Amino acid sequence: MDLKLLFISTLLGMICCGRAQQEGNECIKANALSCGECIQVGAKCGWCTDTEFLKQGEPTSARCDELESLKKRGCSNTKIENPHGSQKILKNKAVTHRKKGAEKLRPEDITQIQPQKLSLKLRSGEPQNIKLKFKRAEDYPIDLYYLMDLSYSMKDDLENVKNLGTSLMKEMSKITSDFRIGFGSFVEKTVMPYISTTPAKLLNPCTGDQNCTSPFSYKNVLKLTSNGQQFNSLVGKQQISGNLDSPEGGFDAIMQVAVCGNHIGWRNVTRLLVFSTDAGFHFAGDGKLGGIVLPNDGKCHLKDGMYTMSHYYDYPSIAHLVQKLSENNIQTIFAVTEEFQPVYKELKNLIPKSAVGTLSANSSNVINLIIDAYNSLSSEVILENSKLPEGVTISYQSHCKNGLVNEGENGRKCSNISIGDEVSFNINITAQGCPKQGKPETIKIKPLGFTEEVEIELNFICECDCHKNGIKNSEMCHNGNGTFECGACRCNKGRVGRQCECRKDEVSTEDLDKNCRRDNSTDICSNNGECVCGTCECKKRENPEERYNGEFCECDNFNCDRSNNKLCGGHGSCECRVCICDTNYTGSACDCSLDTSTCLASNKQVCNGRGMCECGTCRCTDPKFQGPTCEICPTCPGVCTEHKECVQCRAFGTGEKKDTCERDCGYFNLIVVKDRDKLPQPVQAFPLMHCKERDANDCWFYYTYAVNNTEKEVHVVEALECPAGPDIIPIVAGVVAGIVLIGLALLLIWKLLMIIHDRREFAKFEKEKMNAKWDTTENPIYKSPINKFRNPNYGRKAVAL
């Protein structure tokens with residue numbers, strides 16, 4: 001059973017190893033026919049341009065291999081094409097180091113991310129690493145647009161918002177000296193099912209004597225301004241409106257605020273959108289209730305501040321909003337009442353760089369809500385990139401405050417960043433193959449919610465440098481039937497063969513096949529290849545490290561002798577089924593070393609002058625000597641004395657070397673036996689010496705010393721044999737006599753106690769006997785053997801007949 005398990009585990013190991021090799025050498029598996037195709041396989045692949053590199057039978061694709069494998073096969077470094085990617089920084093303006101109160105800068109002069117523009121050359125499979133630095137600038141300008149629901153339920157909120165301009169200006173001045181504020185409002189689409197059941201209600205949708213304005217979808221009341229009084233004045237003139245259903249048309253308003261940058265007045269600074277409501281929202285598809293089926297086009301449709309296409313386009317979808325908010329670097333703050341917190345928190349999870357705050361019933365806490373939300377949003381930086389070309393991947397690693405390092409999706413962001421803090425990101429960009437046929441591409445990376453971005457130009461390495469020197473219609477390619485480049489022919493269309501010598505329609509004919517038979521054999525290419533244009537092209541093995549070669553594919557590099565389960569013992573190469581050994585090795589499996597340094601004894605003689613060095617190992621010719629260098633003689637005189645002190649200290653902890661035992665005496669294996677009979681006997685296959693030595697106390701100890709191959713073994717009897725001295729005999733005799741007397745005394749005491757016990761038991765028996773009261777006249781269980789019977793008619797008169 002154990003042998004079966006061993007066999008199975010060995011077989012599995014060989015299979016796994018084979019697969020690892022096969023998977024590891026993707027270069028050979030690719031069957032690349034040109035240098036350009038080869039370098040697109042992966043970063044490990046190189047192409048040998050040496051015209052004499054290929055052996056007979058090897059296809060052109062054999063020029064493409066892993067770099068180390070090419071070198072082993074004889075291709076010099078100068079002949080290997082292995083281009084590498086590179087990067088160049090085109091714009092590298094340093095991040096701004098500025099404190100509040102310093103000289104005022106224009107927004108475009110403030111830099112928070114570095115560098116700003118790069119150019120990369122990408123080799124397939126080889127990542128290019130770039131490092132971005134981000135620093136949150138102090139006193140950075142802020143634009144805030146307040147978008148408010150003006151349906152009837154927000155009437156009391158409007159009263160508090162009317163004074164928001166100056167109050168918010170005052171609070172935001174603690175954060176930035178450059179703050180602007182704008183205002184917009186929304187209600188609902190102006191179609192009948194949403195706002196009224198009769199056209200008359202359009203003028204005043206409110207009930208009773210309430211004075212309300214006509215319903216509208218979205219209105220830009222105030223463009224972004226630094227005049228807080230103007231904000232208060234215009235907002236103070238606003239009136240409440242009304243509609244029928246609870247969800248509002250806020251998504252229409254958000255879309256227009258995002259895409260109508262010129263109307264809103266957005267600058268390239270921090271952009272905040274405060275969305276204030278006490279209701280839910282309509283989204284894509286809800287417009288069908290009013291007969292609106294066209295999807296939102298995501299474009300600006302403002303005229304005189306009013307959204308004019310609410311009756312024509314449906315509400316935008318959440319994904320559409322996310323896209324436009326991100327494109328325009330707008331961070332959203334949802335200021336909603338407690339009732340709708342769960343809904344907007346779910347919405348926040350779908351919109352990056354957004355926050356949710358709880359609005360009091362009358363919006364009295366709106367300033368604190370905005371300040372808290374801004375601090376939360378601005379303390380986190382999240383990088384995003386534009387759409388990547390097909391075949392290009394990107395990965396992030398963030399280095400945040402306090403040495404925190406994140407990878408994966410978390411590698412895109414850093415949290416808890418204060419003003420003036422600096423963080424960095426390591427970004428790896430990798431291409432596979434040759435995306436976009438080698439045409440340059442541009443991607444952008446930017447921190448969400450910020451207008452700054454990093455522009456990266458991607459250039460793809462799709463051809464080798466030697467491709468530029470290719471000779472079209474070269475005579476080296478069979479009368480000009482191909483381009484000779486990078487040491488090989490790249491055949492014209494319709495031509496095949498190493499030198500493009502055949503047309504595709506004549507690659508296999510009887511006349512050509514006979515050129516592929518060795519010694520008039522019936523086997524074409526030794527059954528190890530195909531005959532192409534009269535020349536053998538050897539087939540490939542599943543393991544790409546194993547190859548057939550030769551004019552008739554009769555050779556291979558894997559059917560050579562092995563040693564220690566290694567081809568050619570790991571000390572040579574297999575060529576045409578014969579091991580070509582490295583220097584200082586010989587033998588059919590290169591398993592015999594010619595190096596005699598391992599045979600040198602301590603006297604610098606080979607095998608101590610008592611043997612021969614064969615394959616790096618001494619063969620001792622003197623049978624008394626053993627060991628790797630024939631220096632050990634277990635049966636020579638003086639062996640016992642030589643090892644006495646070490647045996648004594650290791651077995652008994654005594655002797656002159658007891659303090660240095662661990663250091664000096666670890667050169668042999670110690671085996672303790674019970675007695676002398678258990679010691680090994682000289683019948684062993686290796687020489688053995690029996691030793692008897694005496695210690696300082698005149699005690700004898702017995703042991704054997706032997707060398708088993710290269711292992712030194714000492715067997716020692718566990719107990720010392722010490723002689724008994726004359727002074728100790730009387731003491732021992734006295735002790736023995738004392739023990740005997742004590743034993744006799746104990747025996748007499750025990751006998752006396754037994755006699756007393758027996759007499760007491762007998763007296764007790766006699767007493768019980770006297771007390772017994774039996775009836776002596778008759779045995780109570782006695783029964784007489786005599787039975788008496790009486791005739792019932794005895795004494796009666798006889799009856800007359």
# chains A, B, ... in the order shown; residues from 1 in each chain; ligands from 1
$ residues_around --residues "Pro435 (chain A)" --least-positions-apart "4" --cutoff "10 Å" --atoms "only C-alpha atoms" --output "list in words"
Ser124, Pro389, Glu390, Gly391, Val392, Ala431, Lys439, Pro440, Glu441, Asn459, Phe460, Ile461 and Cys462 of chain A
$ residues_around --residues "Asn268 (chain A)" --least-positions-apart "5" --cutoff "10 Å" --atoms "only C-alpha atoms" --output "JSON, numbers by chain"
{"A": [107, 108, 141, 142, 143, 328, 329, 450, 451, 452]}
$ select_by_dssp --residues "region 163-396 of chain A" --states "alpha helix (DSSP H)" --output "VMD selection string"
chain A and resid 164 to 172 192 to 195 228 to 236 250 to 259 261 to 264 318 to 327 341 to 350 366 to 378
$ closest_residue --among "A:Asn416, A:Ser241, A:Thr358, A:Ser86" --to "Ser119 (chain A)" --atoms "only C-alpha atoms"
A:Ser86
$ closest_residue --among "A:Leu752, A:Cys576, A:Leu377, A:Cys646" --to "Asp659 (chain A)" --atoms "only C-alpha atoms"
A:Cys646
$ atom_distance --atom1 "CA of Pro342 (chain A)" --atom2 "CA of Gly357 (chain A)"
11.2 Å
$ closest_residue --among "A:Thr337, A:Gly57, A:Gln331, A:Ala43" --to "Asp149 (chain A)" --atoms "only C-alpha atoms"
A:Thr337
$ atom_distance --atom1 "CA of Asn515 (chain A)" --atom2 "CA of Thr60 (chain A)"
19.7 Å
